[in-house]
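Asks: Quick one: the structure is below, and I'll ask about it shortly.
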Amino acid sequence: MGSKTALYEKHQEMGAKLVDFGGWDMPIHYGSQVDEHHKVRQASGMFDVSHMTVVDVTGTDAKEYLRYLLANDVAKLKEKGKAMYSGMLNEDAGVIDDLIVYLMTEPGVAGEWFRVVVNCATREKDLRWMSDQTASFDDVALTEQPELAMIAIQGPEAITAVKQAVSESRAALIDQLSVFQGLESEGWFIARTGYTGEDGLEIMLPEDESADFWQALADAGVAPCGLGARDTLRLEAGMNLYGSDMDETISPLAANMGWTVAWEPQERLFIGRDALQSIRDTGPDQKLVGLVMESRGVLRADQRVVVSGVGEGEITSGTFSPTLGCAIAMARVPAATKDKAEVDIRGKLVPVRVIRPSFVRNGKKVFD
Amino acid sequence: MSNIPSELKYVASHEWIRVEGDGTVTIGVTDHAQDLLGDVVFVELPEVGAEVATGDDAGVVESVKAASDVYAPLSGEVVAVNEELEDSPELVNSDPYGDGWFFKLKLSDNSELDGLLSGEDYNDLCEAEA
């Protein structure tokens with residue numbers, strides 16, 4: 001028996017099939033993963049992501065600590081509530097985890113602090129690592145917020161539906177939010193972020209208010225969606241999944257996360273910088289690409305990718321894309337790979353196209 | 001609990017068999033199997049005219065979650081396949097014992113039917129797995 005979120009009874013009531021996910025009993029679907037996927041692309045869906053780990057970073061050294069801890073630079077956050085995606089690297093430039101960090105105050109004010117959201121499966125090692133790194137700073141405190149529930153509401157109609165389910169002042173706050181910004185209203189933290197490639201919100205709120213809010217969202221027409229649809233949506237959107245598309249042995253440059261590394265200012269020392277710089281100087285051996293298979297079948301993680309005249313790679317995440325109606329995947333392949341490869345599907349080499357790893361955004365196909 | 005019609009026969013690899021009484025059988029995957037698979041997105045069927053023996057690979061059913069082999073539960077010649085599944089693989093989920101059928105065999109050895117499971121036996125087996 002795993003841990004349960006505050007929404008566990010709601011999930012049962014709404015017919016969820018529950019599975020173990022990193023020690024939590026979480027909904028995989030409520031009947032049909034594919035239907036839930038389409039709901040998010042075409043209207044709105046909601047996900048219980050309360051299993052994710054929220055850590056608040058406070059103290060006068062909070063900012064300098066995060067500038068040392070993360071490959072992206074929190075000094076680039078210039079507006080209250082702005083969020084940033086970053087890798088947290090080890091000394092060898094391997095990815096310990098990927099995370100979102102929000103600036104919770106006006107930038108540069110006294111008492112400036114940050115909220116970090118990391119993965120659930122990596123919680124313990126992340127907290128240990130983050131705690132170890134505070135040793136070089138005088139005043140940093142890390143405070144986990146396990147009593148917060150977290151609900152993601154995603155899709156073209158998501159924001160309109162949420163506004164129907166919240167108080168007037170929260171609805172007014174939602175109207176003000178820019179993309180990738182989160183602000184507090186009456187004890188809820190409401191952010192315009194997500195993991196689906198659609199517009200939408202992620203809302204952190206006290207656990208004891210979460211079941212009523214979930215029901216209000218359902219009443220406003222938002223479809224409950226499981227982690228199954230969350231995975232096919234994020235893969236279509238070309239968003240990495242930690243543990244599949246990258247891990248501690250993979251640098252961000254081999255995981256399509258080069259854009260999240262802030263190389264400037266050069267004097268900023270962050271963990272893994274030296275190792276990452278030498279990988280950058282010689283050029284990474286591998287890259288993360290997208291694969292599209294036009295013939296029938298489904299691409300799966302761990303399948304072998306053969307690039308004629310270049311070498312071999314491996315699929316890191318693969319699925320059938322409900323939006324495109326064909327199989328798609330992310331794969332780590334030799335850096336010299338061009339626009340064609342083959343995938344070994346049960347002993348048969350099947351041709352695939354190689355593209356940038358992004359397939360669907362805002363309901364539309366994004367490659368030629 | 002999943003639906004297990006008592007007029008059908010079953011094998012432990014989660015296929016059902018309907019004995020048509022004219023020397024042929026119709027084969028598909030059970031409600032329990034489709035539930036485990038989740039949304040089916042692609043079905044690969046054997047070729048009409050192919051000879052299969054009991055336990056041979058006779059196709060693949062792929063869901064969003066996993067690929068699963070389909071085995072021939074009996075020996076014989078493939079006399080028909082459900083071409084509807086090419087465009088509508090979701091029939092396996094919505095109607096596993098009806099429109100979601102996979103293929104038909106002309107049996108080469110009717111005595112093999114004696115080795116199949118009854119609905120009750122199959123139900124026990126599913127409960128033991130759960």
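Ordering of the structure tokens sets the chain letters (A, B, ...), residue numbers begin anew at 1 in every chain, and ligands are numbered from 1 in the order given.
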Check every residue of chain B for an atom within 10 Å of chain A, counting only C-alpha atoms, and provide those that qualify as a list of chain:residue names.
Replies: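 That gives B:Asp35, B:Gly38, B:Asp39, B:Val40, B:Val41, B:Phe42, B:Val43, B:Glu44, B:Val60, B:Val61, B:Glu62, B:Ser63, B:Val64, B:Lys65, B:Ala66, B:Ala67, B:Glu86, B:Glu90, B:Asn93 for chain B.
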Asks: Find the spatial neighbours of A:Gly87, counting only C-alpha atoms, within a cut-off of 10 Å - ignore same-chain residues fewer than 4 positions away - and output them as a PyMOL selection string.
Replies: chain A and resi 69-72+93-100+251-252+257-258+260-261
Asks: Next, write the just-selected residues to a file, as a tab-separated table (two decimals), in the first residue's frame, keeping all heavy atoms as the atom set.
Replies:
```
chain	number	residue	atom	x	y	z
A	69	LEU	N	23.61	26.05	-7.13
A	69	LEU	CA	22.99	24.71	-7.20
A	69	LEU	C	22.53	24.34	-8.62
A	69	LEU	O	22.59	23.18	-9.01
A	69	LEU	CB	21.78	24.67	-6.26
A	69	LEU	CG	21.07	23.33	-6.10
A	69	LEU	CD1	21.89	22.39	-5.20
A	69	LEU	CD2	19.67	23.53	-5.49
A	70	LEU	N	22.07	25.33	-9.38
A	70	LEU	CA	21.37	25.06	-10.63
A	70	LEU	C	22.16	25.52	-11.86
A	70	LEU	O	22.86	26.53	-11.82
A	70	LEU	CB	20.01	25.76	-10.64
A	70	LEU	CG	19.08	25.43	-9.46
A	70	LEU	CD1	17.78	26.21	-9.58
A	70	LEU	CD2	18.81	23.92	-9.40
A	71	ALA	N	21.99	24.80	-12.97
A	71	ALA	CA	22.68	25.15	-14.21
A	71	ALA	C	22.06	26.38	-14.87
A	71	ALA	O	22.74	27.12	-15.58
A	71	ALA	CB	22.67	23.96	-15.17
A	72	ASN	N	20.76	26.59	-14.65
A	72	ASN	CA	20.15	27.84	-15.10
A	72	ASN	C	20.36	28.88	-13.99
A	72	ASN	O	20.68	28.52	-12.85
A	72	ASN	CB	18.68	27.63	-15.41
A	72	ASN	CG	18.20	28.56	-16.52
A	72	ASN	OD1	18.82	29.60	-16.79
A	72	ASN	ND2	17.11	28.19	-17.17
A	93	ALA	N	28.54	16.87	-14.32
A	93	ALA	CA	27.53	17.46	-15.21
A	93	ALA	C	26.40	16.51	-15.56
A	93	ALA	O	25.65	16.74	-16.50
A	93	ALA	CB	28.16	18.05	-16.47
A	94	GLY	N	26.26	15.41	-14.81
A	94	GLY	CA	25.09	14.54	-14.98
A	94	GLY	C	23.89	15.19	-14.30
A	94	GLY	O	24.04	15.95	-13.34
A	95	VAL	N	22.70	14.88	-14.80
A	95	VAL	CA	21.48	15.53	-14.29
A	95	VAL	C	20.95	14.76	-13.07
A	95	VAL	O	20.50	13.62	-13.19
A	95	VAL	CB	20.39	15.62	-15.38
A	95	VAL	CG1	19.16	16.35	-14.85
A	95	VAL	CG2	20.93	16.31	-16.63
A	96	ILE	N	21.00	15.38	-11.90
A	96	ILE	CA	20.44	14.78	-10.68
A	96	ILE	C	18.92	14.85	-10.72
A	96	ILE	O	18.22	13.93	-10.34
A	96	ILE	CB	20.96	15.51	-9.42
A	96	ILE	CG1	22.46	15.30	-9.28
A	96	ILE	CG2	20.21	15.04	-8.17
A	96	ILE	CD1	23.09	16.11	-8.17
A	97	ASP	N	18.40	15.96	-11.23
A	97	ASP	CA	16.96	16.09	-11.43
A	97	ASP	C	16.71	17.32	-12.30
A	97	ASP	O	17.59	18.17	-12.45
A	97	ASP	CB	16.22	16.24	-10.09
A	97	ASP	CG	14.73	15.84	-10.21
A	97	ASP	OD1	14.32	15.40	-11.31
A	97	ASP	OD2	14.00	15.96	-9.21
A	98	ASP	N	15.51	17.40	-12.85
A	98	ASP	CA	15.08	18.64	-13.48
A	98	ASP	C	13.97	19.21	-12.61
A	98	ASP	O	13.28	18.48	-11.90
A	98	ASP	CB	14.64	18.44	-14.94
A	98	ASP	CG	13.42	17.55	-15.10
A	98	ASP	OD1	13.15	16.71	-14.20
A	98	ASP	OD2	12.74	17.65	-16.14
A	99	LEU	N	13.83	20.52	-12.64
A	99	LEU	CA	12.92	21.17	-11.69
A	99	LEU	C	12.44	22.52	-12.22
A	99	LEU	O	12.95	23.03	-13.21
A	99	LEU	CB	13.64	21.36	-10.35
A	99	LEU	CG	15.00	22.07	-10.39
A	99	LEU	CD1	14.84	23.58	-10.40
A	99	LEU	CD2	15.85	21.66	-9.20
A	100	ILE	N	11.43	23.01	-11.53
A	100	ILE	CA	10.93	24.37	-11.79
A	100	ILE	C	11.21	25.19	-10.54
A	100	ILE	O	10.97	24.74	-9.42
A	100	ILE	CB	9.41	24.37	-12.05
A	100	ILE	CG1	9.06	23.57	-13.30
A	100	ILE	CG2	8.87	25.80	-12.15
A	100	ILE	CD1	9.22	24.31	-14.60
A	251	SER	N	24.55	14.37	-19.58
A	251	SER	CA	24.66	15.83	-19.40
A	251	SER	C	23.48	16.52	-20.06
A	251	SER	O	22.86	15.96	-20.97
A	251	SER	CB	25.97	16.34	-20.02
A	251	SER	OG	25.76	16.72	-21.36
A	252	PRO	N	23.16	17.72	-19.64
A	252	PRO	CA	22.04	18.43	-20.28
A	252	PRO	C	22.25	18.62	-21.78
A	252	PRO	O	21.29	18.71	-22.53
A	252	PRO	CB	21.99	19.78	-19.55
A	252	PRO	CG	23.13	19.83	-18.61
A	252	PRO	CD	23.73	18.47	-18.52
A	257	MET	N	18.69	19.79	-23.30
A	257	MET	CA	18.50	20.79	-22.24
A	257	MET	C	19.58	21.86	-22.30
A	257	MET	O	19.78	22.61	-21.33
A	257	MET	CB	18.54	20.11	-20.85
A	257	MET	CG	17.32	19.23	-20.57
A	257	MET	SD	17.54	18.27	-19.05
A	257	MET	CE	17.59	19.55	-17.80
A	258	GLY	N	20.27	21.95	-23.44
A	258	GLY	CA	21.32	22.97	-23.58
A	258	GLY	C	20.77	24.37	-23.35
A	258	GLY	O	21.43	25.23	-22.76
A	260	THR	N	18.73	25.32	-21.25
A	260	THR	CA	18.50	25.62	-19.83
A	260	THR	C	19.80	25.92	-19.08
A	260	THR	O	19.76	26.15	-17.88
A	260	THR	CB	17.81	24.44	-19.12
A	260	THR	OG1	18.74	23.35	-19.00
A	260	THR	CG2	16.59	23.95	-19.87
A	261	VAL	N	20.92	25.87	-19.79
A	261	VAL	CA	22.20	26.16	-19.14
A	261	VAL	C	22.53	27.63	-19.36
A	261	VAL	O	22.60	28.09	-20.49
A	261	VAL	CB	23.32	25.27	-19.71
A	261	VAL	CG1	24.66	25.62	-19.05
A	261	VAL	CG2	22.99	23.80	-19.56
```
Asks: Find the residues near B:Pro5: any atom within 12 Å, counting only C-alpha atoms, skip ones fewer than 6 places away on the same chain, and give them as JSON, numbers by chain.
Replies: {"B": [16, 17, 18, 30, 31, 32, 96, 97, 98, 118, 119, 120, 121, 122, 123]}
Asks: Write down as a ChimeraX atom specification the residues of stretch 5-95 of chain B whose backbone DSSP state falls under strand (DSSP E or B).
Replies: /B:9-10,15-19,24-29,40-44,51-52,57-63,67-71,76-81
Asks: Would you mind reading off the distance between atom CA of B:Val52 and atom CA of B:Gly23, one decimal, in Å?
Replies: 15.4 Å
Asks: Nearest residue to A:Met130 out of A:Arg41, A:Ile271, A:Glu209, A:Thr249, using only C-alpha atoms?
Replies: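 Nearest to A:Met130: A:Ile271.
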Asks: Mind giving me the straight-line distance from atom CA of A:Thr58 to atom CA of A:Asp247 in Å, one decimal?
Replies: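 It comes out at 27.3 Å.
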Asks: For A:Leu235, please output as a list in words all residues within 9 Å (counting only C-alpha atoms; exclusion window: fewer than 5 positions along the same chain).
Replies: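 The contact residues come out as Thr196, Arg230, Asn240, Leu241, Ser317, Gly318, Thr319, Ser321, Ile328, Ala329, Met330, Pro357, Ser358, Phe359 and Val360 of chain A.
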Asks: Pull C-alpha atoms from the residues just selected and write them as a PDB file, in the first residue's frame.
Replies:
```pdb
ATOM      1  CA  THR A 196       1.341  19.099 -21.578  1.00  0.00           C
ATOM      2  CA  ARG A 230       0.132  13.065 -18.664  1.00  0.00           C
ATOM      3  CA  ASN A 240      11.729  15.301 -20.917  1.00  0.00           C
ATOM      4  CA  LEU A 241      10.843  12.748 -18.272  1.00  0.00           C
ATOM      5  CA  SER A 317      10.579   7.408 -24.326  1.00  0.00           C
ATOM      6  CA  GLY A 318       8.185   6.143 -26.948  1.00  0.00           C
ATOM      7  CA  THR A 319       4.448   5.971 -27.424  1.00  0.00           C
ATOM      8  CA  SER A 321       0.654   9.777 -30.295  1.00  0.00           C
ATOM      9  CA  ILE A 328       6.571   9.035 -31.778  1.00  0.00           C
ATOM     10  CA  ALA A 329       9.610   8.793 -29.560  1.00  0.00           C
ATOM     11  CA  MET A 330      12.546  10.560 -28.038  1.00  0.00           C
ATOM     12  CA  PRO A 357      12.087  16.557 -30.187  1.00  0.00           C
ATOM     13  CA  SER A 358       8.830  18.500 -30.290  1.00  0.00           C
ATOM     14  CA  PHE A 359       5.700  17.097 -31.872  1.00  0.00           C
ATOM     15  CA  VAL A 360       2.548  18.927 -30.743  1.00  0.00           C
TER      16      VAL A 360
END
```
Asks: Counting only C-alpha atoms, what is within 9 Å of B:Ala12, bar same-chain residues fewer than 3 positions away, as a list in words?
Replies: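 Result of the neighbour search: Glu15, Leu116, Leu117, Tyr122, Leu125 and Cys126 of chain B.
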Asks: Give the alpha helix (DSSP H) residues of stretch 87-322 of chain A, as assigned by DSSP on the backbone, as a VMD selection string.
Replies: chain A and resid 123 to 133 158 to 165 168 to 176 207 to 219 227 to 236 273 to 282
Asks: Could you please determine the separation between atom CA of B:Asp114 and atom CA of B:Ser75 in Å, to one decimal place?
Replies: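 Those two atoms sit 12.9 Å apart.
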Asks: Can you pull out every residue within 8 Å of A:Phe21, counting only C-alpha atoms, but drop anything in the same chain fewer than 4 positions away, and send it as an MDAnalysis selection string?
Replies: chainID A and resid 25:26 121
Asks: Identify, on the basis of only C-alpha atoms, every residue whose closest approach to B:Glu112 does not exceed 10 Å; exclude the query and any residue fewer than 5 positions from it along the same chain; express the result as a list of chain:residue names.
Replies: B:Thr54, B:Pro73, B:Leu74, B:Ser75, B:Leu107
Asks: Nearest to A:Arg123: which of A:Ile153, A:Leu288, A:Met104, A:Val55 is it, counting only C-alpha atoms?
Replies: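 For A:Arg123, the nearest of the candidates is A:Val55.
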Asks: Hey, which of A:Ala211, A:Glu264, A:Ala237, A:Val333 ends up closest to A:Met14? Count only C-alpha atoms.
Replies: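 When distances to A:Met14 are compared using only C-alpha atoms, the smallest one comes from A:Ala211.
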